[in-house]
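Asker: So here's entry_21.cif, just mmCIF, C-alpha atoms:
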data_query
#
loop_
_atom_site.label_atom_id
_atom_site.label_comp_id
_atom_site.auth_asym_id
_atom_site.auth_seq_id
_atom_site.Cartn_x
_atom_site.Cartn_y
_atom_site.Cartn_z
CA MET A 10 1.22 1.06 15.44
CA SER A 11 2.12 -2.45 14.33
CA ALA A 12 2.29 -5.24 16.87
CA LYS A 13 5.88 -5.99 15.88
CA ALA A 14 7.50 -2.83 17.16
CA ASP A 15 10.79 -1.76 15.63
CA PHE A 16 12.73 -0.52 18.65
CA GLN A 17 15.22 1.38 16.53
CA GLU A 18 12.33 3.39 15.14
CA LEU A 19 10.87 3.98 18.59
CA GLY A 20 14.28 5.31 19.58
CA LEU A 21 13.74 8.17 17.12
CA ILE A 22 11.06 9.82 19.28
CA TRP A 23 13.47 12.37 20.74
CA TYR A 24 16.06 12.13 18.00
CA GLY A 25 16.86 15.32 16.11
CA GLY A 26 19.92 14.15 14.18
CA PRO A 27 20.19 12.99 10.56
CA LEU A 28 17.62 10.39 9.57
CA ALA A 29 17.58 7.83 6.76
CA ILE A 30 14.41 6.52 5.13
CA ILE A 31 15.37 3.18 3.58
CA ILE A 32 13.40 0.99 1.20
CA THR A 33 14.14 -2.49 2.52
CA ARG A 34 11.99 -4.74 0.42
CA LYS A 35 9.61 -3.81 -2.37
CA ASN A 36 7.50 -0.93 -1.04
CA TYR A 37 8.64 -1.33 2.59
CA LEU A 38 10.26 1.58 4.40
CA LYS A 39 12.38 1.73 7.54
CA PHE A 40 13.60 4.74 9.49
CA ARG A 41 17.17 4.64 10.79
CA ARG A 42 19.62 7.02 12.44
CA ILE A 43 22.58 8.13 10.37
CA GLU A 44 25.78 7.74 12.34
CA ARG A 45 28.26 9.07 9.88
CA MET A 46 31.70 7.69 9.09
CA ARG A 47 32.80 10.74 7.08
CA GLU A 48 30.34 10.60 4.12
CA PHE A 49 29.23 7.00 4.71
CA PHE A 50 27.13 5.18 7.27
CA ILE A 51 26.32 1.59 7.99
CA ASN A 52 23.29 -0.18 9.38
CA GLU A 53 21.68 -3.60 8.98
CA PHE A 54 20.53 -2.66 5.45
CA GLY A 55 23.99 -1.96 4.08
CA ILE A 56 26.59 0.76 3.66
CA PHE A 57 25.16 3.99 2.30
CA GLU A 58 26.60 7.24 1.06
CA TYR A 59 25.50 10.45 2.78
CA ASP A 60 25.35 13.13 0.11
CA SER A 61 24.68 16.79 0.92
CA GLU A 62 23.15 17.22 -2.55
CA THR A 63 20.34 14.81 -1.73
CA ASP A 64 19.97 15.88 1.86
CA TYR A 65 16.43 17.03 2.64
CA ARG A 66 15.20 18.75 5.76
CA TYR A 67 12.22 18.18 7.99
CA ASN A 68 12.29 21.56 9.75
CA LYS A 69 15.99 21.43 10.58
CA GLN A 70 16.40 17.67 10.81
CA PRO A 71 18.31 16.24 7.82
CA ILE A 72 16.52 13.41 6.01
CA SER A 73 17.87 11.25 3.19
CA ILE A 74 16.12 8.52 1.22
CA TYR A 75 17.80 5.26 0.17
CA ASN A 76 17.07 1.94 -1.45
CA SER A 77 18.79 -1.04 0.20
CA HIS A 78 18.17 -3.32 -2.84
CA GLY A 79 17.60 -6.17 -0.42
CA THR A 80 21.01 -6.01 1.31
CA VAL A 81 21.07 -7.37 4.85
CA ILE A 82 24.05 -7.18 7.20
CA PRO A 83 23.89 -9.04 10.55
CA LYS A 84 23.65 -6.66 13.50
CA THR A 85 26.76 -8.15 15.12
CA ILE A 86 28.85 -7.20 12.08
CA VAL A 87 27.36 -3.70 12.03
CA LYS A 88 28.23 -3.28 15.70
CA LYS A 89 31.78 -4.54 15.16
CA VAL A 90 32.33 -2.27 12.13
CA LYS A 91 31.24 0.77 14.13
CA GLU A 92 33.47 -0.19 17.01
CA TYR A 93 36.52 -0.82 14.78
CA TYR A 94 35.93 2.46 12.97
CA ARG A 95 35.89 4.30 16.30
CA LYS A 96 39.16 2.63 17.26
CA GLY A 97 40.71 3.16 13.80
CA ARG A 98 41.23 -0.59 13.16
CA TYR A 99 40.39 -0.40 9.47
CA MET A 100 41.86 -3.73 8.37
CA GLN A 101 39.47 -5.49 10.71
CA ILE A 102 36.58 -3.62 9.11
CA LYS A 103 37.62 -5.04 5.75
CA HIS A 104 37.88 -8.48 7.32
CA GLU A 105 34.32 -8.21 8.69
CA LEU A 106 32.81 -6.77 5.53
CA GLN A 107 34.30 -9.28 3.14
CA MET A 108 31.97 -11.87 4.65
CA ILE A 109 29.10 -9.81 3.23
CA TYR A 110 30.82 -8.42 0.14
CA PRO A 111 33.26 -11.09 -1.12
CA GLU A 112 34.22 -8.79 -4.03
CA ILE A 113 36.40 -6.67 -1.72
CA SER A 114 38.57 -9.53 -0.49
CA GLU A 115 40.84 -9.56 -3.57
CA MET A 116 40.98 -5.82 -4.01
CA GLU A 117 43.46 -3.18 -2.87
CA PHE A 118 42.07 0.11 -1.55
CA LYS A 119 43.76 3.44 -0.87
CA ASP A 120 41.91 3.89 2.39
CA ILE A 121 38.81 2.75 4.23
CA TRP A 122 36.60 5.37 2.54
CA ASP A 123 37.74 4.15 -0.86
CA MET A 124 36.47 0.72 0.14
CA PHE A 125 33.16 2.13 1.38
CA ARG A 126 32.79 4.04 -1.89
CA PHE A 127 33.39 0.85 -3.87
CA ILE A 128 30.72 -0.98 -1.86
CA VAL A 129 28.23 1.88 -2.32
CA ILE A 130 28.70 1.83 -6.09
CA LEU A 131 28.57 -1.97 -6.11
CA THR A 132 25.27 -2.07 -4.24
CA ASN A 133 23.72 1.10 -5.67
CA HIS A 134 23.40 2.59 -2.21
CA LYS A 135 23.48 6.23 -3.18
CA ALA A 136 20.81 8.58 -1.87
CA ILE A 137 17.65 9.08 -3.91
CA ASP A 138 16.89 12.62 -4.98
CA ILE A 139 13.14 13.29 -5.00
CA ASP A 140 13.68 16.69 -6.61
CA THR A 141 11.84 15.53 -9.71
CA GLU A 142 11.96 18.93 -11.40
CA LYS A 143 15.51 18.07 -12.29
CA PHE A 144 14.49 14.91 -14.13
CA LEU A 145 10.81 15.09 -14.93
CA PRO A 146 9.60 18.67 -15.28
CA TYR A 147 5.92 18.69 -16.02
CA TYR A 148 3.28 20.48 -13.96
CA ARG A 149 5.70 23.06 -12.63
CA ALA A 150 4.01 25.93 -10.86
CA TYR A 151 5.77 28.67 -12.81
CA ASN A 152 5.91 26.90 -16.14
CA PRO A 153 3.65 28.77 -18.63
CA ILE A 154 2.59 25.50 -20.27
CA SER A 155 1.49 23.98 -16.99
CA ILE A 156 -0.37 27.17 -16.02
CA LYS A 157 -2.17 27.04 -19.36
CA ARG A 158 -3.11 23.38 -18.84
CA LEU A 159 -4.25 23.95 -15.30
CA ASN A 160 -6.38 26.89 -16.47
CA GLU A 161 -7.99 24.67 -19.08
CA VAL A 162 -8.87 22.09 -16.46
CA CYS A 163 -10.30 24.75 -14.17
CA GLN A 164 -12.33 26.25 -17.02
CA ASP A 165 -13.77 22.82 -17.73
CA GLY A 166 -14.69 22.52 -14.06
CA LYS A 167 -16.33 25.94 -14.13
CA LYS A 168 -18.36 25.03 -17.23
CA ALA A 169 -19.53 21.87 -15.46
CA ILE A 170 -20.69 24.03 -12.53
CA ASP A 171 -22.47 26.46 -14.84
CA SER A 172 -24.32 23.58 -16.46
CA LEU A 173 -25.90 22.76 -13.13
CA HIS A 174 -29.34 24.28 -12.47
CA PRO A 175 -30.03 26.41 -10.48
CA ARG A 176 -26.77 28.33 -10.28
CA LEU A 177 -25.31 28.32 -6.85
CA LYS A 178 -25.28 31.47 -4.78
CA ALA A 179 -23.97 32.24 -1.35
CA THR A 180 -26.63 31.08 1.10
CA ILE A 181 -26.54 34.24 3.28
CA PRO A 182 -24.89 37.38 1.95
CA ILE A 183 -22.19 38.84 4.14
CA MET A 184 -24.03 42.17 4.71
CA VAL A 185 -27.10 40.35 6.01
CA MET A 186 -24.84 38.40 8.34
CA ILE A 187 -23.32 41.65 9.71
CA VAL A 188 -26.76 43.26 10.27
CA ILE A 189 -28.01 40.11 12.06
CA ALA A 190 -24.90 40.13 14.23
CA ILE A 191 -25.35 43.83 15.20
CA VAL A 192 -29.05 43.32 16.04
CA ALA A 193 -28.23 40.21 18.05
CA LEU A 194 -25.55 42.09 19.97
CA ALA A 195 -27.90 45.00 20.74
CA PHE A 196 -30.60 42.55 21.83
CA MET A 197 -28.24 40.65 24.10
CA GLN A 198 -27.06 43.87 25.77
CA ASN A 199 -30.58 45.26 26.38
CA ALA A 200 -32.52 42.08 26.93
CA PRO A 201 -32.27 41.97 30.78
CA LYS A 202 -33.50 45.57 31.04
CA TRP A 203 -36.41 44.89 28.69
CA ILE A 204 -37.36 41.77 30.64
CA ARG A 205 -37.39 43.73 33.94
CA GLU A 206 -39.54 46.46 32.40
CA ALA A 207 -41.92 43.92 30.94
CA GLN A 208 -42.22 42.17 34.32
CA SER A 209 -43.04 45.42 36.16
CA TYR A 210 -45.56 46.44 33.45
CA PHE A 211 -47.42 43.13 33.55
CA GLY A 212 -47.23 43.12 37.35
CA SER A 213 -49.05 46.49 37.54
CA LEU A 214 -51.88 45.19 35.35
CA VAL A 215 -52.78 42.34 37.68
CA GLU A 216 -55.49 43.34 40.21
CA PRO A 217 -55.31 41.86 43.75
CA SER A 218 -58.15 39.34 44.31
CA GLY A 219 -59.72 36.98 46.90
CA MET A 220 -58.57 37.12 50.53
CA ILE A 221 -55.82 39.62 49.73
CA PHE A 222 -58.42 41.99 48.16
CA TYR A 223 -60.58 42.01 51.35
CA LEU A 224 -57.61 42.38 53.65
CA THR A 225 -56.33 45.38 51.68
CA LYS A 226 -59.84 46.89 51.75
CA LEU A 227 -60.04 46.33 55.51
CA PHE A 228 -56.61 47.49 56.55
CA GLY A 229 -55.68 49.64 53.62
CA GLY A 230 -52.28 49.52 51.87
CA MET B 2 19.83 20.71 15.67
CA GLY B 3 21.29 18.50 18.33
CA LYS B 4 20.67 14.79 18.52
CA PHE B 5 18.24 15.16 21.40
CA SER B 6 15.19 17.15 20.45
CA LEU B 7 11.77 17.80 21.93
CA THR B 8 10.10 19.71 19.11
CA GLY B 9 10.58 20.09 15.39
CA GLN B 10 12.09 16.66 14.69
CA PHE B 11 10.45 14.05 12.49
CA PRO B 12 7.21 12.99 14.26
CA ILE B 13 7.74 9.23 14.21
CA LEU B 14 5.00 8.49 16.79
CA GLU B 15 2.45 10.67 15.04
CA PHE B 16 3.44 9.06 11.75
CA LYS B 17 2.79 5.57 13.07
CA MET B 18 -0.35 6.32 15.05
CA MET B 19 -2.28 8.55 12.65
CA LYS B 20 -4.97 7.04 10.51
CA GLY B 21 -4.78 7.25 6.76
CA PRO B 22 -2.02 7.62 4.20
CA MET B 23 0.84 9.88 5.22
CA ILE B 24 2.39 12.19 2.70
CA PHE B 25 6.02 13.17 2.36
CA LEU B 26 5.73 16.38 0.40
CA LYS B 27 8.85 18.01 -0.98
CA SER B 28 7.79 21.62 -0.74
CA GLY B 29 10.50 24.24 -0.82
CA ASP B 30 14.15 23.84 -1.64
CA ARG B 31 15.21 20.64 0.15
CA GLN B 32 12.28 20.92 2.57
CA ILE B 33 10.09 17.94 3.38
CA GLU B 34 6.69 18.25 5.01
CA LEU B 35 4.77 15.39 6.56
CA ARG B 36 1.05 15.60 5.96
CA LYS B 37 -1.93 13.41 6.63
CA ALA B 38 -3.93 12.84 3.48
CA ILE B 39 -7.64 13.52 3.77
CA ARG B 40 -9.16 11.67 0.86
CA HIS B 41 -11.62 13.29 -1.49
CA GLN B 42 -13.56 11.03 -3.82
CA GLY B 43 -11.24 8.19 -2.88
CA LYS B 44 -8.29 9.39 -4.91
CA PHE B 45 -7.39 13.03 -4.21
CA PHE B 46 -6.07 15.05 -1.35
CA GLN B 47 -5.70 18.75 -1.18
CA THR B 48 -3.45 21.30 0.45
CA LYS B 49 -3.70 25.08 0.21
CA ASP B 50 -1.26 24.97 -2.68
CA ALA B 51 -2.52 22.17 -4.88
CA VAL B 52 -4.60 19.06 -5.49
CA PHE B 53 -2.71 15.76 -5.54
CA GLU B 54 -3.70 12.36 -6.79
CA LEU B 55 -3.37 9.35 -4.46
CA ASP B 56 -2.14 6.23 -6.21
CA GLY B 57 -1.79 3.00 -4.26
CA GLU B 58 0.67 1.68 -6.81
CA TYR B 59 3.30 4.09 -5.52
CA SER B 60 2.46 3.82 -1.85
CA TYR B 61 5.04 2.51 0.63
CA ASN B 62 4.51 0.64 3.86
CA ALA B 63 6.34 2.00 6.88
CA GLY B 64 5.54 -0.02 10.00
CA GLY B 65 1.95 -0.65 8.97
CA GLN B 66 1.38 2.91 7.84
CA SER B 67 1.09 3.71 4.17
CA ALA B 68 3.20 6.58 2.88
CA LEU B 69 3.49 8.37 -0.42
CA PHE B 70 6.11 10.78 -1.72
CA TYR B 71 5.24 13.90 -3.69
CA ASN B 72 6.91 16.89 -5.15
CA LEU B 73 4.80 20.02 -4.78
CA PHE B 74 5.24 20.72 -8.49
CA ASN B 75 3.51 17.57 -9.66
CA ALA B 76 0.18 16.07 -8.75
CA LYS B 77 1.32 12.47 -9.15
CA PRO B 78 3.19 10.46 -6.49
CA ILE B 79 6.85 9.63 -6.94
CA SER B 80 8.02 6.07 -7.37
CA LEU B 81 11.26 5.99 -5.39
CA THR B 82 12.56 3.00 -7.31
CA GLY B 83 11.58 4.67 -10.58
CA ILE B 84 13.29 7.93 -9.76
CA GLU B 85 16.33 6.02 -8.50
CA LYS B 86 16.57 4.20 -11.81
CA ILE B 87 16.39 7.48 -13.70
CA GLN B 88 19.17 8.92 -11.56
CA ARG B 89 21.27 5.84 -12.11
CA LEU B 90 20.91 6.29 -15.86
CA TYR B 91 21.93 9.92 -15.44
CA ARG B 92 25.02 8.83 -13.47
CA GLN B 93 25.89 6.24 -16.12
CA ARG B 94 25.77 8.97 -18.79
CA LYS B 95 22.63 7.50 -20.32
CA ALA B 96 20.43 10.54 -19.77
CA HIS B 97 19.65 10.59 -23.49
CA LEU B 98 17.55 7.43 -22.98
CA ILE B 99 15.32 9.22 -20.51
CA VAL B 100 15.09 12.34 -22.61
CA ARG B 101 14.19 10.32 -25.67
CA GLU B 102 11.59 8.33 -23.70
CA LEU B 103 9.99 11.48 -22.33
CA GLU B 104 9.76 12.88 -25.85
CA ARG B 105 8.15 9.66 -27.07
CA ILE B 106 5.70 9.70 -24.15
CA ASP B 107 4.76 13.30 -24.83
CA SER B 108 4.15 12.72 -28.52
CA ALA B 109 2.22 9.51 -27.83
CA ILE B 110 0.00 11.18 -25.26
CA GLU B 111 -0.55 14.10 -27.57
CA SER B 112 -1.51 11.92 -30.50
CA SER B 113 -3.61 9.46 -28.52
CA ALA B 114 -5.94 11.81 -26.72
CA GLU B 115 -7.71 15.07 -27.19
CA LYS B 116 -5.55 16.81 -24.58
CA HIS B 117 -1.91 16.30 -23.59
CA TYR B 118 -2.41 15.45 -19.98
CA THR B 119 -4.82 12.56 -20.13
CA ASP B 120 -5.33 8.94 -21.19
CA PRO B 121 -2.37 6.89 -19.95
CA ILE B 122 -3.81 3.63 -21.33
CA ASN B 123 -3.56 4.74 -24.94
CA ALA B 124 -0.12 6.17 -24.27
CA MET B 125 1.05 2.83 -22.86
CA LYS B 126 -0.36 0.90 -25.81
CA GLU B 127 1.64 3.12 -28.11
CA LEU B 128 4.84 3.12 -26.10
CA TYR B 129 5.30 -0.36 -24.67
CA SER B 130 6.16 -1.79 -28.08
CA LYS B 131 9.50 0.05 -28.33
CA ILE B 132 11.03 0.16 -24.84
CA PRO B 133 14.84 0.29 -24.78
CA GLU B 134 16.60 -2.50 -22.88
CA GLU B 135 17.83 -0.30 -20.02
CA ILE B 136 14.33 0.86 -19.14
CA THR B 137 11.96 -1.71 -17.68
CA GLN B 138 8.23 -1.73 -18.20
CA ASN B 139 7.74 -0.50 -14.61
CA ASP B 140 10.07 2.45 -15.16
CA GLN B 141 8.22 3.26 -18.33
CA LYS B 142 4.88 3.08 -16.54
CA PHE B 143 6.11 5.43 -13.85
CA LEU B 144 7.24 7.92 -16.49
CA ILE B 145 3.86 7.75 -18.22
CA ASP B 146 1.94 7.99 -14.95
CA TYR B 147 3.99 10.94 -13.88
CA ARG B 148 3.31 12.80 -17.12
CA THR B 149 -0.41 12.12 -17.38
CA PHE B 150 -3.20 13.61 -15.40
CA ASP B 151 -6.74 12.39 -14.92
CA LYS B 152 -8.60 15.39 -16.23
CA ASN B 153 -12.13 14.02 -15.79
CA ASP B 154 -11.64 13.07 -12.17
CA LEU B 155 -10.05 16.39 -11.40
CA LYS B 156 -13.09 18.05 -12.95
CA LEU B 157 -15.32 16.12 -10.55
CA GLN B 158 -13.09 17.16 -7.67
CA ASN B 159 -13.34 20.80 -8.78
CA VAL B 160 -17.13 20.58 -9.03
CA SER B 161 -17.50 19.12 -5.55
CA LYS B 162 -15.12 21.73 -4.11
CA MET B 163 -16.91 24.59 -5.79
CA ASN B 164 -20.26 23.27 -4.54
CA ALA B 165 -18.98 22.97 -1.01
CA LYS B 166 -20.12 25.73 1.34
CA LYS B 167 -16.82 25.71 3.21
CA VAL B 168 -14.17 25.55 0.53
CA ASN B 169 -11.25 25.23 2.93
CA THR B 170 -12.50 22.13 4.72
CA GLY B 171 -10.81 18.81 4.14
CA MET B 172 -7.37 20.29 3.57
CA SER B 173 -4.50 17.98 4.41
CA SER B 174 -2.57 19.75 7.10
CA LYS B 175 0.96 19.36 8.38
CA VAL B 176 1.56 16.86 11.16
CA PRO B 177 2.99 18.64 14.20
CA THR B 178 5.55 17.01 16.50
CA ILE B 179 3.75 17.07 19.84
CA MET B 180 3.96 13.54 21.22
CA PRO B 181 7.58 13.70 22.48
CA MET B 182 6.77 16.86 24.45
CA MET B 183 3.52 15.33 25.74
CA ILE B 184 5.28 12.19 26.93
CA ILE B 185 7.85 14.26 28.86
CA ALA B 186 5.10 16.52 30.24
CA SER B 187 2.93 13.59 31.36
CA ILE B 188 5.94 11.96 33.07
CA ALA B 189 6.71 15.24 34.86
CA ILE B 190 3.07 15.76 35.90
CA GLY B 191 2.86 12.17 37.10
CA ALA B 192 6.02 12.61 39.14
CA ILE B 193 4.72 15.86 40.68
CA VAL B 194 1.36 14.28 41.57
CA PHE B 195 3.13 11.28 43.05
CA MET B 196 5.41 13.54 45.10
CA MET B 197 2.41 15.54 46.35
CA LYS B 198 0.54 12.45 47.47
CA PHE B 199 3.42 10.32 48.65
CA ASN B 200 6.26 12.65 49.47
CA PRO B 201 9.21 10.38 50.31
CA PHE B 202 10.81 13.15 52.41
CA ASN B 203 7.97 12.76 54.91
CA TYR B 204 9.22 9.26 55.66
CA ILE B 205 12.90 10.11 55.83
CA SER B 206 14.25 11.55 59.05
CA PHE B 207 17.67 13.17 59.06
#
Please rewrite the model in this file as structure tokens.

Answerer:
Amino acid sequence: MSAKADFQELGLIWYGGPLAIIITRKNYLKFRRIERMREFFINEFGIFEYDSETDYRYNKQPISIYNSHGTVIPKTIVKKVKEYYRKGRYMQIKHELQMIYPEISEMEFKDIWDMFRFIVILTNHKAIDIDTEKFLPYYRAYNPISIKRLNEVCQDGKKAIDSLHPRLKATIPIMVMIVIAIVALAFMQNAPKWIREAQSYFGSLVEPSGMIFYLTKLFGG
Amino acid sequence: MGKFSLTGQFPILEFKMMKGPMIFLKSGDRQIELRKAIRHQGKFFQTKDAVFELDGEYSYNAGGQSALFYNLFNAKPISLTGIEKIQRLYRQRKAHLIVRELERIDSAIESSAEKHYTDPINAMKELYSKIPEEITQNDQKFLIDYRTFDKNDLKLQNVSKMNAKKVNTGMSSKVPTIMPMMIIASIAIGAIVFMMKFNPFNYISF
């Protein structure tokens, strides 16, 4: 984890609600909660549109992907906008936001969502759809052309393998493995008995000698 | 799913702490999987479904961790800015530009190489001369990259996989969400151990 911890991201550890992945600068991503204001939400990277069409799921958690295009809104303004929205003081929201988006100051809007929509279009803050089959169909799994091309690649790979010498075989065939396993099992079950028998057999072969031999001769036994 | 969750939510801690590029893989309909890429030959990773090509050009930095986006149906990573631009053109009723560009790319790739899915350099040489104004060179490059495939490297990958004794090793697996549960469990266990050793009720008289 980076030394400069993003506490808003650490706050997502137990968060199961909708999540936004936002490109902040070129190739930099941030994770943020989506606290919806109807179909819009605001954070320090701008006002974004939450679209069910581009809503992905991680298990059941909704995830959307956005590009902020470099927009930055001070956290105090974000906090105020959220508070005013909760209280329904929409004119004050416009007042706060026109410091960031001066284009809205001269304009008339039907309602607050109309204004949010205008800002989203102005800043290109619509969700990104990564469903590339819609735009760039190419190696699709069920596309006959792609299957043909993939087969060609695999055939080439197979030819490259065949050109190797010697041809590769399975190191131990499966039947040999099964036989070895059965023998090993039988051995492990009977081994203690065989060891006992072997001990008693070798024990009977050894003749008593020395002092023990004379004592047994003398006293019998 | 409620806002508080112990399992199944996006594994932010695992994402940040794991080593190696993380993969956002769009798998089913509107489903995203998070996977850890296990590199093969420096530029591929593999799941049970497919082989994908890692490309640092389309990698994103999320809190020090590099992340790439893929669609299961294509081996190349997605450029989010590139795909956003394409969608914007679709919204502005300029889809014909994209369609025309894709046709040009296809014919250029076909004419420039022995097979359709290879040789992006020749394709770029052919195509960069006539880019329409709305499409930048980066967008064009993304389109070409997305429609070309490094056949020779994939062949090498296939050879090494077929030579491998355990074919299923090195698969990039899904990242499970376990840290939130473990943190809660370790706090609970710590509290229980503390209570067993230093039970505060022993020192309180009623």

Asker: Calculate how many Å separate CA of Gly26 in chain A from CA of Tyr59 in chain B, rounding to one decimal.

Answerer: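 These atoms are spaced 27.7 Å apart.
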
Asker: Run the PyMOL selection byres ((chain A and resi 76) around 6) on the file and write out the hits as a list of chain:residue names.

Answerer: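 So the PyMOL selection byres ((chain A and resi 76) around 6), applied here, picks out A:Ile31, A:Ile32, A:Tyr75, A:Ser77, A:His78.
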
Asker: Spell out the residues picked by the PyMOL selection byres ((chain B) within 7 of (chain A)) here, as an NGL selection string.

Answerer: :B and (2-7 or 9-11 or 13-14 or 17-18 or 31-34 or 60-65 or 72 or 74-75 or 85 or 148 or 152 or 156 or 159-160 or 181)

Asker: Report, in Å with one decimal, the straight-line distance from CA of Thr178 in chain B to CA of Pro12 in chain B.

Answerer: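 Value for the CA of Thr178 in chain B-CA of Pro12 in chain B distance: 4.9 Å.
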
Asker: Find the distance between CA of Glu115 in chain A and CA of Gln93 in chain B and write it in Å to one decimal.

Answerer: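 These two atoms are separated by 25.1 Å.
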
Asker: List the residues matched by the PyMOL selection byres ((chain B and resi 87) around 12) in the displayed structure as a short mmCIF file (atom, residue, chain, number, x, y, z; two decimals) with C-alpha atoms, in the frame of the given file, ordered by chain and then by residue number.

Answerer:
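What ended up in selection-v3.cif:
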data_model
loop_
_atom_site.label_atom_id
_atom_site.label_comp_id
_atom_site.auth_asym_id
_atom_site.auth_seq_id
_atom_site.Cartn_x
_atom_site.Cartn_y
_atom_site.Cartn_z
CA ILE A 137 17.65 9.08 -3.91
CA ASP A 138 16.89 12.62 -4.98
CA ILE A 139 13.14 13.29 -5.00
CA ASP A 140 13.68 16.69 -6.61
CA THR A 141 11.84 15.53 -9.71
CA LYS A 143 15.51 18.07 -12.29
CA PHE A 144 14.49 14.91 -14.13
CA LEU A 145 10.81 15.09 -14.93
CA ILE B 79 6.85 9.63 -6.94
CA SER B 80 8.02 6.07 -7.37
CA LEU B 81 11.26 5.99 -5.39
CA THR B 82 12.56 3.00 -7.31
CA GLY B 83 11.58 4.67 -10.58
CA ILE B 84 13.29 7.93 -9.76
CA GLU B 85 16.33 6.02 -8.50
CA LYS B 86 16.57 4.20 -11.81
CA GLN B 88 19.17 8.92 -11.56
CA ARG B 89 21.27 5.84 -12.11
CA LEU B 90 20.91 6.29 -15.86
CA TYR B 91 21.93 9.92 -15.44
CA ARG B 92 25.02 8.83 -13.47
CA GLN B 93 25.89 6.24 -16.12
CA ARG B 94 25.77 8.97 -18.79
CA LYS B 95 22.63 7.50 -20.32
CA ALA B 96 20.43 10.54 -19.77
CA HIS B 97 19.65 10.59 -23.49
CA LEU B 98 17.55 7.43 -22.98
CA ILE B 99 15.32 9.22 -20.51
CA VAL B 100 15.09 12.34 -22.61
CA GLU B 102 11.59 8.33 -23.70
CA LEU B 103 9.99 11.48 -22.33
CA GLU B 135 17.83 -0.30 -20.02
CA ILE B 136 14.33 0.86 -19.14
CA THR B 137 11.96 -1.71 -17.68
CA ASN B 139 7.74 -0.50 -14.61
CA ASP B 140 10.07 2.45 -15.16
CA GLN B 141 8.22 3.26 -18.33
CA PHE B 143 6.11 5.43 -13.85
CA LEU B 144 7.24 7.92 -16.49
#

Asker: Any idea what's packed within 6 Å of range 35-50 of chain B, counting all atoms listed in the file, ignoring anything in its chain fewer than 5 positions away? Could you give it as an mmCIF file with C-alpha atoms, keeping the file's coordinate frame?

Answerer:
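Result saved to around-v9.cif:
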data_model
loop_
_atom_site.group_PDB
_atom_site.id
_atom_site.type_symbol
_atom_site.label_atom_id
_atom_site.label_comp_id
_atom_site.auth_asym_id
_atom_site.auth_seq_id
_atom_site.Cartn_x
_atom_site.Cartn_y
_atom_site.Cartn_z
ATOM 1 C CA PRO B 22 -2.020 7.620 4.200
ATOM 2 C CA MET B 23 0.840 9.880 5.220
ATOM 3 C CA ILE B 24 2.390 12.190 2.700
ATOM 4 C CA PHE B 25 6.020 13.170 2.360
ATOM 5 C CA LEU B 55 -3.370 9.350 -4.460
ATOM 6 C CA MET B 172 -7.370 20.290 3.570
ATOM 7 C CA SER B 173 -4.500 17.980 4.410
ATOM 8 C CA SER B 174 -2.570 19.750 7.100
ATOM 9 C CA LYS B 175 0.960 19.360 8.380
ATOM 10 C CA VAL B 176 1.560 16.860 11.160
#

Asker: Go ahead and fit an axis-aligned box to every listed atom of range 88-100 of chain A plus 4 Å each side, and pass me the centre and edge lengths in Å, one decimal, as AutoDock Vina command-line options.

Answerer:
--center_x 35.0 --center_y -0.1 --center_z 12.8 --size_x 21.6 --size_y 16.8 --size_z 16.9

Asker: Which residue is closest to Lys27 in chain B? Choose from B:Ser108, B:Tyr71, B:Lys167, B:Leu128 and count all atoms listed in the file.

Answerer: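 Smallest separation from Lys27 in chain B among the options: B:Tyr71.
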
Asker: Quick one: everything within 12 Å of Phe127 in chain A, counting all atoms listed in the file, minus sequence neighbours fewer than 3 positions away in the same chain. Send it as a short mmCIF file (atom, residue, chain, number, x, y, z; two decimals) with C-alpha atoms, in the frame of the given file.

Answerer:
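As a result, out.cif now contains:
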data_model
loop_
_atom_site.label_atom_id
_atom_site.label_comp_id
_atom_site.auth_asym_id
_atom_site.auth_seq_id
_atom_site.Cartn_x
_atom_site.Cartn_y
_atom_site.Cartn_z
CA PHE A 49 29.23 7.00 4.71
CA ILE A 56 26.59 0.76 3.66
CA PHE A 57 25.16 3.99 2.30
CA GLU A 58 26.60 7.24 1.06
CA TYR A 110 30.82 -8.42 0.14
CA GLU A 112 34.22 -8.79 -4.03
CA ILE A 113 36.40 -6.67 -1.72
CA MET A 116 40.98 -5.82 -4.01
CA GLU A 117 43.46 -3.18 -2.87
CA PHE A 118 42.07 0.11 -1.55
CA LYS A 119 43.76 3.44 -0.87
CA ASP A 120 41.91 3.89 2.39
CA ILE A 121 38.81 2.75 4.23
CA TRP A 122 36.60 5.37 2.54
CA ASP A 123 37.74 4.15 -0.86
CA MET A 124 36.47 0.72 0.14
CA ILE A 130 28.70 1.83 -6.09
CA LEU A 131 28.57 -1.97 -6.11
CA THR A 132 25.27 -2.07 -4.24
CA ASN A 133 23.72 1.10 -5.67
CA HIS A 134 23.40 2.59 -2.21
CA LYS A 135 23.48 6.23 -3.18
#
